[in-house]
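Engineer: Have a peek at final_24.json (JSON, C-alpha atoms and all ligand atoms).
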[["chain", "number", "residue", "atom", "x", "y", "z"],
["A", 190, "MET", "CA", -4.00, -28.19, 0.27],
["A", 191, "SER", "CA", -5.74, -26.49, -2.71],
["A", 192, "ARG", "CA", -3.75, -26.08, -5.94],
["A", 193, "ILE", "CA", -3.42, -22.30, -5.56],
["A", 194, "ALA", "CA", -2.36, -22.67, -1.89],
["A", 195, "SER", "CA", 0.37, -25.07, -3.06],
["A", 196, "ARG", "CA", 1.54, -22.52, -5.63],
["A", 197, "ILE", "CA", 1.69, -19.83, -2.95],
["A", 198, "ALA", "CA", 3.61, -22.19, -0.62],
["A", 199, "GLU", "CA", 6.24, -22.62, -3.35],
["A", 200, "ALA", "CA", 6.36, -18.92, -4.32],
["A", 201, "ARG", "CA", 9.44, -16.81, -3.63],
["A", 202, "VAL", "CA", 9.95, -13.08, -2.90],
["A", 203, "GLY", "CA", 13.04, -10.96, -2.34],
["A", 204, "THR", "CA", 12.62, -9.67, 1.19],
["A", 205, "ARG", "CA", 13.77, -10.61, 4.69],
["A", 206, "PRO", "CA", 13.09, -14.37, 5.12],
["A", 207, "ASP", "CA", 10.96, -14.04, 8.28],
["A", 208, "VAL", "CA", 8.76, -11.42, 6.58],
["A", 209, "ALA", "CA", 8.42, -13.62, 3.48],
["A", 210, "ASP", "CA", 7.46, -16.61, 5.68],
["A", 211, "ARG", "CA", 4.84, -14.58, 7.55],
["A", 212, "ALA", "CA", 3.31, -13.35, 4.30],
["A", 213, "ARG", "CA", 3.41, -16.84, 2.77],
["A", 214, "ARG", "CA", 1.67, -18.42, 5.79],
["A", 215, "GLY", "CA", -0.97, -15.67, 5.73],
["A", 216, "LEU", "CA", -1.66, -16.07, 2.02],
["A", 217, "VAL", "CA", -1.83, -19.88, 2.24],
["A", 218, "ALA", "CA", -4.30, -19.63, 5.15],
["A", 219, "TRP", "CA", -6.35, -17.08, 3.17],
["A", 220, "ALA", "CA", -6.44, -19.31, 0.05],
["A", 221, "GLU", "CA", -7.42, -22.35, 2.13],
["A", 222, "ALA", "CA", -10.20, -20.38, 3.85],
["A", 223, "GLU", "CA", -11.50, -19.17, 0.47],
["A", 224, "ALA", "CA", -11.51, -22.76, -0.86],
["A", 225, "ALA", "CA", -13.29, -24.00, 2.27],
["A", 226, "GLN", "CA", -15.98, -21.33, 1.77],
["A", 227, "GLY", "CA", -16.52, -22.52, -1.79],
["A", 228, "THR", "CA", -15.06, -19.45, -3.54],
["A", 229, "SER", "CA", -14.37, -20.36, -7.16],
["A", 230, "PRO", "CA", -10.68, -20.89, -8.02],
["A", 231, "ASP", "CA", -10.95, -18.18, -10.69],
["A", 232, "LEU", "CA", -12.14, -15.63, -8.14],
["A", 233, "VAL", "CA", -9.37, -16.63, -5.73],
["A", 234, "LEU", "CA", -6.84, -16.07, -8.54],
["A", 235, "ASP", "CA", -8.42, -12.68, -9.37],
["A", 236, "ARG", "CA", -8.19, -11.58, -5.73],
["A", 237, "LEU", "CA", -4.58, -12.64, -5.60],
["A", 238, "ALA", "CA", -3.83, -10.80, -8.85],
["A", 239, "ASP", "CA", -5.50, -7.50, -7.96],
["A", 240, "GLY", "CA", -3.92, -7.38, -4.51],
["A", 241, "THR", "CA", -7.16, -7.92, -2.55],
["A", 242, "ALA", "CA", -5.45, -10.79, -0.73],
["A", 243, "ALA", "CA", -2.32, -8.76, 0.12],
["A", 244, "GLN", "CA", -4.44, -5.77, 1.16],
["A", 245, "GLY", "CA", -6.54, -7.99, 3.47],
["A", 246, "LEU", "CA", -3.43, -9.48, 5.00],
["A", 247, "GLY", "CA", -1.92, -6.03, 5.60],
["A", 248, "ARG", "CA", -5.09, -4.68, 7.20],
["A", 249, "LEU", "CA", -5.49, -7.78, 9.38],
["A", 250, "ALA", "CA", -1.88, -7.53, 10.54],
["A", 251, "LEU", "CA", -2.35, -3.83, 11.35],
["A", 252, "SER", "CA", -5.51, -4.47, 13.35],
["A", 253, "ALA", "CA", -3.78, -7.27, 15.28],
["A", 254, "SER", "CA", -0.62, -5.25, 16.01],
["A", 255, "PRO", "CA", -0.36, -3.30, 19.25],
["A", 256, "VAL", "CA", -0.35, 0.47, 18.66],
["A", 257, "PRO", "CA", 3.17, 1.74, 19.46],
["A", 258, "GLN", "CA", 3.44, 3.99, 22.49],
["A", 259, "GLY", "CA", 3.81, 7.75, 22.13],
["A", 260, "LEU", "CA", 2.58, 8.28, 18.59],
["A", 261, "ALA", "CA", 2.10, 11.91, 17.60],
["A", 262, "CYS", "CA", -0.40, 11.08, 14.84],
["A", 263, "ALA", "CA", -3.73, 12.92, 14.87],
["A", 264, "SER", "CA", -6.43, 14.01, 12.44],
["A", 265, "GLY", "CA", -5.38, 17.16, 10.56],
["A", 266, "CYS", "CA", -1.71, 16.36, 11.04],
["A", 267, "ALA", "CA", -0.72, 15.75, 7.45],
["A", 268, "PHE", "CA", 2.99, 16.20, 6.81],
["A", 269, "CYS", "CA", 3.01, 12.48, 5.95],
["A", 270, "CYS", "CA", 0.53, 13.25, 3.14],
["A", 271, "ILE", "CA", 3.12, 15.49, 1.45],
["A", 272, "LEU", "CA", 4.33, 12.86, -0.97],
["A", 273, "SER", "CA", 7.92, 12.40, -2.02],
["A", 274, "GLY", "CA", 8.52, 12.35, -5.75],
["A", 275, "ALA", "CA", 5.89, 12.00, -8.45],
["A", 276, "ASP", "CA", 4.95, 8.46, -7.42],
["A", 277, "GLY", "CA", 3.86, 8.93, -3.81],
["A", 278, "GLY", "CA", 3.96, 5.25, -2.90],
["A", 279, "THR", "CA", 2.94, 1.78, -4.02],
["A", 280, "ILE", "CA", -0.68, 0.63, -3.93],
["A", 281, "THR", "CA", -2.43, -2.46, -5.26],
["A", 282, "GLU", "CA", -4.98, -2.46, -8.07],
["A", 283, "ALA", "CA", -7.73, -3.20, -5.51],
["A", 284, "GLU", "CA", -6.62, -0.20, -3.44],
["A", 285, "ALA", "CA", -6.47, 1.92, -6.60],
["A", 286, "ARG", "CA", -10.08, 1.00, -7.40],
["A", 287, "ASP", "CA", -11.21, 1.76, -3.81],
["A", 288, "LEU", "CA", -9.44, 5.14, -3.85],
["A", 289, "HIS", "CA", -10.90, 6.03, -7.24],
["A", 290, "ALA", "CA", -14.43, 5.20, -6.04],
["A", 291, "ALA", "CA", -13.94, 7.40, -2.94],
["A", 292, "LEU", "CA", -12.36, 10.34, -4.77],
["A", 293, "SER", "CA", -14.10, 10.56, -8.13],
["A", 294, "PRO", "CA", -17.30, 12.07, -6.61],
["A", 295, "LEU", "CA", -15.06, 14.93, -5.35],
["A", 296, "ALA", "CA", -13.78, 15.79, -8.84],
["A", 297, "GLY", "CA", -13.41, 19.52, -9.39],
["A", 298, "GLN", "CA", -13.16, 20.43, -5.68],
["A", 299, "ALA", "CA", -10.01, 22.02, -4.25],
["A", 300, "ASP", "CA", -7.65, 19.24, -3.21],
["A", 301, "GLY", "CA", -4.57, 18.82, -1.05],
["A", 302, "ARG", "CA", -2.33, 20.49, -3.63],
["A", 303, "ALA", "CA", -4.00, 23.82, -2.78],
["A", 304, "TRP", "CA", -2.29, 23.49, 0.64],
["A", 305, "HIS", "CA", 1.05, 22.12, -0.54],
["A", 306, "PRO", "CA", 2.15, 21.40, -4.13],
["A", 307, "ARG", "CA", 3.28, 17.88, -3.26],
["A", 308, "ALA", "CA", 0.34, 16.98, -0.99],
["A", 309, "CYS", "CA", -1.79, 13.96, -1.84],
["A", 310, "PRO", "CA", -4.83, 15.02, -3.90],
["A", 311, "ALA", "CA", -7.00, 12.99, -1.50],
["A", 312, "LEU", "CA", -6.28, 15.51, 1.26],
["A", 313, "ASP", "CA", -8.75, 18.24, 2.23],
["A", 314, "PRO", "CA", -6.73, 21.47, 1.89],
["A", 315, "GLN", "CA", -8.64, 23.22, 4.68],
["A", 316, "THR", "CA", -8.98, 20.57, 7.40],
["A", 317, "ARG", "CA", -5.96, 18.53, 6.20],
["A", 318, "ALA", "CA", -7.94, 15.36, 6.81],
["A", 319, "CYS", "CA", -7.92, 12.48, 4.34],
["A", 320, "ARG", "CA", -11.04, 12.64, 2.17],
["A", 321, "ALA", "CA", -10.72, 8.93, 1.39],
["A", 322, "TYR", "CA", -10.04, 7.78, 4.95],
["A", 323, "ASP", "CA", -11.88, 4.43, 4.76],
["A", 324, "ALA", "CA", -10.32, 3.70, 1.38],
["A", 325, "ARG", "CA", -6.78, 4.78, 2.24],
["A", 326, "PRO", "CA", -4.23, 2.16, 1.28],
["A", 327, "VAL", "CA", -2.07, 0.07, 3.59],
["A", 328, "ILE", "CA", 0.94, 2.35, 3.06],
["A", 329, "CYS", "CA", -1.02, 5.26, 4.63],
["A", 330, "ARG", "CA", -2.38, 3.13, 7.48],
["A", 331, "ALA", "CA", 1.09, 1.82, 8.37],
["A", 332, "TYR", "CA", 3.04, 5.11, 8.36],
["A", 333, "VAL", "CA", 3.32, 6.59, 11.86],
["A", 334, "SER", "CA", 5.57, 8.82, 13.89],
["A", 335, "VAL", "CA", 6.42, 9.78, 17.43],
["A", 336, "ASP", "CA", 7.57, 13.24, 16.37],
["A", 337, "VAL", "CA", 5.58, 15.59, 14.15],
["A", 338, "THR", "CA", 8.53, 17.96, 13.75],
["A", 339, "ALA", "CA", 10.49, 15.07, 12.26],
["A", 340, "CYS", "CA", 7.61, 14.46, 9.82],
["A", 341, "GLU", "CA", 7.76, 18.09, 8.72],
["A", 342, "GLN", "CA", 11.52, 17.75, 8.21],
["A", 343, "VAL", "CA", 11.07, 14.53, 6.19],
["A", 344, "ALA", "CA", 8.44, 16.29, 4.06],
["A", 345, "GLY", "CA", 11.05, 18.98, 3.43],
["A", 346, "GLY", "CA", 13.53, 16.38, 2.20],
["A", 347, "GLU", "CA", 15.62, 15.86, 5.35],
["A", 348, "ALA", "CA", 16.55, 12.36, 6.56],
["A", 349, "VAL", "CA", 15.70, 12.33, 10.27],
["A", 350, "GLU", "CA", 14.51, 9.71, 12.76],
["A", 351, "GLY", "CA", 10.96, 9.59, 14.08],
["A", 352, "PRO", "CA", 8.59, 8.53, 11.31],
["A", 353, "GLY", "CA", 8.51, 4.93, 10.15],
["A", 354, "THR", "CA", 6.48, 2.22, 8.48],
["A", 355, "LEU", "CA", 5.03, -0.47, 10.72],
["A", 356, "GLY", "CA", 5.81, -4.14, 10.07],
["A", 357, "PRO", "CA", 2.44, -5.00, 8.44],
["A", 358, "TYR", "CA", 3.35, -2.81, 5.43],
["A", 359, "HIS", "CA", 6.36, -5.02, 4.77],
["A", 360, "THR", "CA", 4.22, -8.16, 5.14],
["A", 361, "TYR", "CA", 1.68, -6.73, 2.68],
["A", 362, "LEU", "CA", 4.41, -5.94, 0.19],
["A", 363, "ALA", "CA", 5.89, -9.42, 0.55],
["A", 364, "ALA", "CA", 2.40, -10.87, -0.02],
["A", 365, "LEU", "CA", 2.16, -8.90, -3.27],
["A", 366, "GLY", "CA", 5.53, -10.24, -4.39],
["A", 367, "LEU", "CA", 4.46, -13.79, -3.51],
["A", 368, "SER", "CA", 1.18, -13.32, -5.39],
["A", 369, "ARG", "CA", 3.14, -12.31, -8.47],
["A", 370, "SER", "CA", 5.46, -15.31, -8.13],
["A", 371, "ALA", "CA", 2.53, -17.73, -7.62],
["A", 372, "LEU", "CA", 0.67, -16.34, -10.65],
["A", 373, "LYS", "CA", 3.67, -16.10, -12.98],
["A", 374, "GLY", "CA", 2.64, -16.87, -16.56],
["A", 375, "THR", "CA", -1.09, -16.83, -15.78],
["A", 376, "ARG", "CA", -2.17, -13.44, -14.44],
["A", 377, "ARG", "CA", -0.57, -10.01, -14.12],
["A", 378, "VAL", "CA", -0.11, -8.48, -10.65],
["A", 379, "SER", "CA", -0.05, -4.69, -11.16],
["A", 380, "THR", "CA", 0.99, -2.04, -8.70],
["A", 381, "HIS", "CA", 0.06, 1.63, -8.99],
["A", 382, "SER", "CA", 1.27, 5.07, -7.98],
["A", 383, "LEU", "CA", -0.78, 6.53, -5.12],
["A", 384, "ALA", "CA", -0.12, 10.12, -6.25],
["A", 385, "ARG", "CA", -1.00, 9.55, -9.91],
["A", 386, "LEU", "CA", -4.12, 7.53, -9.11],
["A", 387, "ALA", "CA", -5.43, 10.14, -6.65],
["A", 388, "ALA", "CA", -4.68, 13.00, -9.08],
["A", 389, "ALA", "CA", -6.45, 11.22, -11.94],
["A", 390, "ALA", "CA", -9.50, 10.51, -9.75],
["A", 391, "VAL", "CA", -9.94, 14.11, -8.54],
["A", 392, "GLU", "CA", -9.37, 15.37, -12.09],
["A", 393, "GLY", "CA", -12.40, 13.36, -13.23],
["A", 394, "GLN", "CA", -10.67, 10.60, -15.18],
["A", 395, "THR", "CA", -12.52, 7.31, -15.47],
["A", 396, "LEU", "CA", -11.37, 4.27, -13.50],
["A", 397, "ASP", "CA", -9.79, 2.71, -16.60],
["A", 398, "GLU", "CA", -7.94, 5.94, -17.43],
["A", 399, "ALA", "CA", -6.80, 6.37, -13.83],
["A", 400, "LEU", "CA", -5.55, 2.77, -13.62],
["A", 401, "LYS", "CA", -3.68, 3.23, -16.90],
["A", 402, "VAL", "CA", -1.90, 6.48, -15.98],
["A", 403, "SER", "CA", -1.01, 5.25, -12.50],
["A", 404, "ARG", "CA", 0.18, 1.74, -13.43],
["A", 405, "HIS", "CA", 3.76, 1.05, -12.43],
["A", 406, "LYS", "CA", 6.37, -0.43, -14.70],
["A", 407, "PRO", "CA", 6.92, -4.12, -13.83],
["A", 408, "GLY", "CA", 10.23, -3.47, -12.04],
["A", 409, "GLU", "CA", 8.71, -1.03, -9.52],
["A", 410, "LEU", "CA", 7.48, -3.78, -7.17],
["A", 411, "ASP", "CA", 11.00, -5.23, -7.06],
["A", 412, "GLU", "CA", 12.36, -1.76, -6.35],
["A", 413, "GLU", "CA", 9.84, -1.25, -3.52],
["A", 414, "LEU", "CA", 10.70, -4.68, -2.11],
["A", 415, "ARG", "CA", 14.39, -3.69, -2.12],
["A", 416, "ARG", "CA", 13.53, -0.45, -0.27],
["A", 417, "SER", "CA", 11.44, -2.47, 2.19],
["A", 418, "LYS", "CA", 14.30, -4.91, 2.85],
["A", 419, "ARG", "CA", 16.66, -1.99, 3.39],
["A", 420, "ASP", "CA", 14.22, -0.33, 5.82],
["A", 421, "LEU", "CA", 13.76, -3.62, 7.67],
["A", 422, "GLY", "CA", 17.51, -3.78, 8.17],
["A", 423, "ARG", "CA", 17.62, -0.29, 9.68],
["A", 424, "ALA", "CA", 16.71, 0.62, 13.24],
["A", 425, "ALA", "CA", 13.15, 1.99, 13.42],
["A", 426, "GLY", "CA", 12.38, 5.34, 14.98],
["A", 427, "PRO", "CA", 12.09, 5.60, 18.74],
["A", 428, "GLY", "CA", 9.09, 3.70, 20.05],
["A", 429, "LEU", "CA", 8.44, 1.95, 16.74],
["A", 430, "PRO", "CA", 8.68, -1.83, 16.40],
["B", 1, "LIG", "S1", 2.99, 10.34, 10.51],
["B", 1, "LIG", "FE1", 3.66, 12.38, 11.22],
["B", 1, "LIG", "S2", 2.57, 13.89, 9.95],
["B", 1, "LIG", "FE2", 1.51, 11.90, 9.74],
["B", 1, "LIG", "S3", -0.15, 11.95, 11.30],
["B", 1, "LIG", "FE3", 1.66, 10.93, 12.23],
["B", 1, "LIG", "S4", 2.78, 12.60, 13.28],
["B", 1, "LIG", "FE4", 1.36, 13.58, 11.82],
["B", 2, "LIG", "S1", -4.75, 8.67, 0.73],
["B", 2, "LIG", "FE1", -5.27, 9.94, 2.49],
["B", 2, "LIG", "S2", -3.89, 9.25, 4.15],
["B", 2, "LIG", "FE2", -3.05, 8.52, 2.19],
["B", 2, "LIG", "S3", -1.55, 10.11, 1.55],
["B", 2, "LIG", "FE3", -3.53, 10.57, 0.57],
["B", 2, "LIG", "S4", -4.55, 12.04, 1.98],
["B", 2, "LIG", "FE4", -2.88, 11.02, 3.12]]
Any chance you could put this one into structure tokens?

Structural biologist:
Amino acid sequence: MSRIASRIAEARVGTRPDVADRARRGLVAWAEAEAAQGTSPDLVLDRLADGTAAQGLGRLALSASPVPQGLACASGCAFCCILSGADGGTITEAEARDLHAALSPLAGQADGRAWHPRACPALDPQTRACRAYDARPVICRAYVSVDVTACEQVAGGEAVEGPGTLGPYHTYLAALGLSRSALKGTRRVSTHSLARLAAAAVEGQTLDEALKVSRHKPGELDEELRRSKRDLGRAAGPGLP
């Protein structure tokens, strides 16, 4: 086993044990595959640190998961893009860079906030479609619902059943926590606010400025992992795994 794979195998994260194990196995397999392809150890460490590895694991898990029956999700249906709070959700640095690249050419155009004050700035206010669809982070890809009325109620601040986050989001988050544990003392693993990054991008800020204003405090990943563990312990909405 490569040195970095060994560090990942020994890494720890505060989430449900089966989710942590799944993320750990995925990251070890990824690191071993990178080593076998001749990727330099420095580049492997960079990809672990910026969340490229966790993002890849999350996307792979989503593509391999069966689509739950009865989803109400459709293009232009965007109550889930009305973000709660100023943060809007956790994204990796790699996802932040992808989103910035997709959104910065749209700087100055009307954005989602012209439809709803708390809507994601990546949203098109007319069509209510995501203007950064290919670059949308794992949190957006994993959030689904069987009931659009429930989504509207959640956007309005009510706690109702229906919407939920699919398992791969929790695996992705665990992978980020494991990356941080494996890299402790060598490289920083940053997470960012989806809402602040998207706002900075559409307001024309440079990538460095956008990364700076959207960077989470170090404790935010732990907080998100606690929320994830709590959600994993709750029953999912009808039809969701
Ligand atoms: S999660 Fe809800 S609001 Fe978002 S696309 Fe699905 S049904 Fe529509
Ligand atoms: S990035 Fe796209 S899918 Fe995600 S919240 Fe923003 S508009 Fe919605």

Engineer: Interatomic distance between atom CA of A:Gly422 and atom CA of A:Thr360?

Structural biologist: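 Computed distance, atom CA of A:Gly422 to atom CA of A:Thr360, equals 14.3 Å.
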
Engineer: So which residues are near ligand LIG 2 (chain B), meaning at most 8 Å away with only C-alpha atoms and all ligand atoms counted, given back as a list in words?

Structural biologist: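 I would give the residues around ligand LIG 2 (chain B) as Ala267, Cys269, Cys270, Ile271, Leu272, Gly277, Leu288, Gly301, Ala308, Cys309, Pro310, Ala311, Leu312, Asp313, Arg317, Ala318, Cys319, Arg320, Ala321, Tyr322, Ala324, Arg325, Pro326, Ile328, Cys329, Arg330, Leu383, Ala384 and Ala387 of chain A.
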
Engineer: Give as a PDB file with C-alpha atoms, keeping the file's coordinate frame the residues surrounding ligand LIG 1 (chain B) up to a distance of 8 Å, considering all atoms listed in the file.

Structural biologist:
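In the end it all went to pocket.pdb:
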ATOM      1  CA  LEU A 260       2.580   8.280  18.590  1.00  0.00           C
ATOM      2  CA  ALA A 261       2.100  11.910  17.600  1.00  0.00           C
ATOM      3  CA  CYS A 262      -0.400  11.080  14.840  1.00  0.00           C
ATOM      4  CA  ALA A 263      -3.730  12.920  14.870  1.00  0.00           C
ATOM      5  CA  SER A 264      -6.430  14.010  12.440  1.00  0.00           C
ATOM      6  CA  GLY A 265      -5.380  17.160  10.560  1.00  0.00           C
ATOM      7  CA  CYS A 266      -1.710  16.360  11.040  1.00  0.00           C
ATOM      8  CA  ALA A 267      -0.720  15.750   7.450  1.00  0.00           C
ATOM      9  CA  PHE A 268       2.990  16.200   6.810  1.00  0.00           C
ATOM     10  CA  CYS A 269       3.010  12.480   5.950  1.00  0.00           C
ATOM     11  CA  CYS A 270       0.530  13.250   3.140  1.00  0.00           C
ATOM     12  CA  TYR A 332       3.040   5.110   8.360  1.00  0.00           C
ATOM     13  CA  VAL A 333       3.320   6.590  11.860  1.00  0.00           C
ATOM     14  CA  SER A 334       5.570   8.820  13.890  1.00  0.00           C
ATOM     15  CA  VAL A 335       6.420   9.780  17.430  1.00  0.00           C
ATOM     16  CA  ASP A 336       7.570  13.240  16.370  1.00  0.00           C
ATOM     17  CA  VAL A 337       5.580  15.590  14.150  1.00  0.00           C
ATOM     18  CA  THR A 338       8.530  17.960  13.750  1.00  0.00           C
ATOM     19  CA  ALA A 339      10.490  15.070  12.260  1.00  0.00           C
ATOM     20  CA  CYS A 340       7.610  14.460   9.820  1.00  0.00           C
ATOM     21  CA  GLU A 341       7.760  18.090   8.720  1.00  0.00           C
ATOM     22  CA  PRO A 352       8.590   8.530  11.310  1.00  0.00           C
ATOM     23  CA  GLY A 353       8.510   4.930  10.150  1.00  0.00           C
TER      24      GLY A 353
END

Engineer: Find the residue from A:Pro294, A:Gly259, A:Gly203, A:Pro357 that sits nearest to A:Gly215; use only C-alpha atoms when measuring.

Structural biologist: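 Ranked by minimum distance to A:Gly215, first place goes to A:Pro357.
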
Engineer: Suppose you want the space between atom CA of A:Ala285 and atom CA of A:Ser403; what is it in Å?

Structural biologist: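 Computed distance, atom CA of A:Ala285 to atom CA of A:Ser403, equals 8.7 Å.
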
Engineer: Can you tell me which residues surround A:Pro407 at a distance of at most 10 Å, considering all atoms listed in the file, apart from same-chain residues fewer than 4 positions away, and format the answer as a ChimeraX atom specification?

Structural biologist: /A:377-380,411-412

Engineer: Residues of the last selection are to be written out with C-alpha atoms, as a PDB file, keeping the file's coordinate frame.

Structural biologist:
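So the final result, stored in result14.pdb, reads:
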ATOM      1  CA  ARG A 377      -0.570 -10.010 -14.120  1.00  0.00           C
ATOM      2  CA  VAL A 378      -0.110  -8.480 -10.650  1.00  0.00           C
ATOM      3  CA  SER A 379      -0.050  -4.690 -11.160  1.00  0.00           C
ATOM      4  CA  THR A 380       0.990  -2.040  -8.700  1.00  0.00           C
ATOM      5  CA  ASP A 411      11.000  -5.230  -7.060  1.00  0.00           C
ATOM      6  CA  GLU A 412      12.360  -1.760  -6.350  1.00  0.00           C
TER       7      GLU A 412
END

Engineer: Using only C-alpha atoms, determine which residues lie at most 12 Å from A:Ala218, disregarding the query and same-chain residues fewer than 6 positions distant; provide the list as a ChimeraX atom specification.

Structural biologist: /A:190-191,193-195,197-198,211-212,224-225,242,245-246

Engineer: Under the rule that only C-alpha atoms are counted, which of A:Leu400, A:Leu372, A:Ala275, A:Val202 is the nearest residue to A:Lys418?

Structural biologist: A:Val202

Engineer: Between A:Ala220, A:Val391, A:Leu365, A:Ala238, which residue has the minimum interatomic distance to A:Leu410, considering all atoms listed in the file?

Structural biologist: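 Residue with the minimum atom-to-atom distance to A:Leu410: A:Leu365.
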
Engineer: With N, CA and C atoms as the target, complete stretch 331-348 of chain A and hand it back as a PDB file, keeping the file's coordinate frame.

Structural biologist:
ATOM      1  N   ALA A 331      -0.065   2.362   7.647  1.00  0.00           N
ATOM      2  CA  ALA A 331       1.090   1.820   8.370  1.00  0.00           C
ATOM      3  C   ALA A 331       2.146   2.878   8.709  1.00  0.00           C
ATOM      4  N   TYR A 332       2.008   4.083   8.156  1.00  0.00           N
ATOM      5  CA  TYR A 332       3.040   5.110   8.360  1.00  0.00           C
ATOM      6  C   TYR A 332       2.704   5.920   9.605  1.00  0.00           C
ATOM      7  N   VAL A 333       3.586   5.912  10.580  1.00  0.00           N
ATOM      8  CA  VAL A 333       3.320   6.590  11.860  1.00  0.00           C
ATOM      9  C   VAL A 333       4.581   7.304  12.329  1.00  0.00           C
ATOM     10  N   SER A 334       4.415   8.099  13.373  1.00  0.00           N
ATOM     11  CA  SER A 334       5.570   8.820  13.890  1.00  0.00           C
ATOM     12  C   SER A 334       5.354   9.201  15.355  1.00  0.00           C
ATOM     13  N   VAL A 335       6.469   9.302  16.049  1.00  0.00           N
ATOM     14  CA  VAL A 335       6.420   9.780  17.430  1.00  0.00           C
ATOM     15  C   VAL A 335       6.772  11.268  17.496  1.00  0.00           C
ATOM     16  N   ASP A 336       7.053  11.866  16.342  1.00  0.00           N
ATOM     17  CA  ASP A 336       7.570  13.240  16.370  1.00  0.00           C
ATOM     18  C   ASP A 336       7.104  13.994  15.124  1.00  0.00           C
ATOM     19  N   VAL A 337       6.133  14.883  15.304  1.00  0.00           N
ATOM     20  CA  VAL A 337       5.580  15.590  14.150  1.00  0.00           C
ATOM     21  C   VAL A 337       6.593  16.545  13.521  1.00  0.00           C
ATOM     22  N   THR A 338       7.494  17.077  14.316  1.00  0.00           N
ATOM     23  CA  THR A 338       8.530  17.960  13.750  1.00  0.00           C
ATOM     24  C   THR A 338       9.403  17.171  12.779  1.00  0.00           C
ATOM     25  N   ALA A 339       9.692  15.927  13.148  1.00  0.00           N
ATOM     26  CA  ALA A 339      10.490  15.070  12.260  1.00  0.00           C
ATOM     27  C   ALA A 339       9.732  14.834  10.953  1.00  0.00           C
ATOM     28  N   CYS A 340       8.411  14.672  11.041  1.00  0.00           N
ATOM     29  CA  CYS A 340       7.610  14.460   9.820  1.00  0.00           C
ATOM     30  C   CYS A 340       7.709  15.682   8.909  1.00  0.00           C
ATOM     31  N   GLU A 341       7.661  16.865   9.514  1.00  0.00           N
ATOM     32  CA  GLU A 341       7.760  18.090   8.720  1.00  0.00           C
ATOM     33  C   GLU A 341       9.131  18.160   8.051  1.00  0.00           C
ATOM     34  N   GLN A 342      10.163  17.741   8.785  1.00  0.00           N
ATOM     35  CA  GLN A 342      11.520  17.750   8.210  1.00  0.00           C
ATOM     36  C   GLN A 342      11.634  16.739   7.071  1.00  0.00           C
ATOM     37  N   VAL A 343      11.036  15.554   7.267  1.00  0.00           N
ATOM     38  CA  VAL A 343      11.070  14.530   6.190  1.00  0.00           C
ATOM     39  C   VAL A 343      10.333  15.055   4.963  1.00  0.00           C
ATOM     40  N   ALA A 344       9.199  15.722   5.201  1.00  0.00           N
ATOM     41  CA  ALA A 344       8.440  16.290   4.060  1.00  0.00           C
ATOM     42  C   ALA A 344       9.266  17.326   3.323  1.00  0.00           C
ATOM     43  N   GLY A 345      10.170  17.977   4.051  1.00  0.00           N
ATOM     44  CA  GLY A 345      11.050  18.980   3.430  1.00  0.00           C
ATOM     45  C   GLY A 345      12.296  18.369   2.819  1.00  0.00           C
ATOM     46  N   GLY A 346      12.413  17.048   2.872  1.00  0.00           N
ATOM     47  CA  GLY A 346      13.530  16.380   2.200  1.00  0.00           C
ATOM     48  C   GLY A 346      14.675  15.996   3.114  1.00  0.00           C
ATOM     49  N   GLU A 347      14.536  16.233   4.437  1.00  0.00           N
ATOM     50  CA  GLU A 347      15.620  15.860   5.350  1.00  0.00           C
ATOM     51  C   GLU A 347      15.468  14.407   5.784  1.00  0.00           C
ATOM     52  N   ALA A 348      16.593  13.743   6.059  1.00  0.00           N
ATOM     53  CA  ALA A 348      16.550  12.360   6.560  1.00  0.00           C
ATOM     54  C   ALA A 348      16.722  12.392   8.068  1.00  0.00           C
TER      55      ALA A 348
END
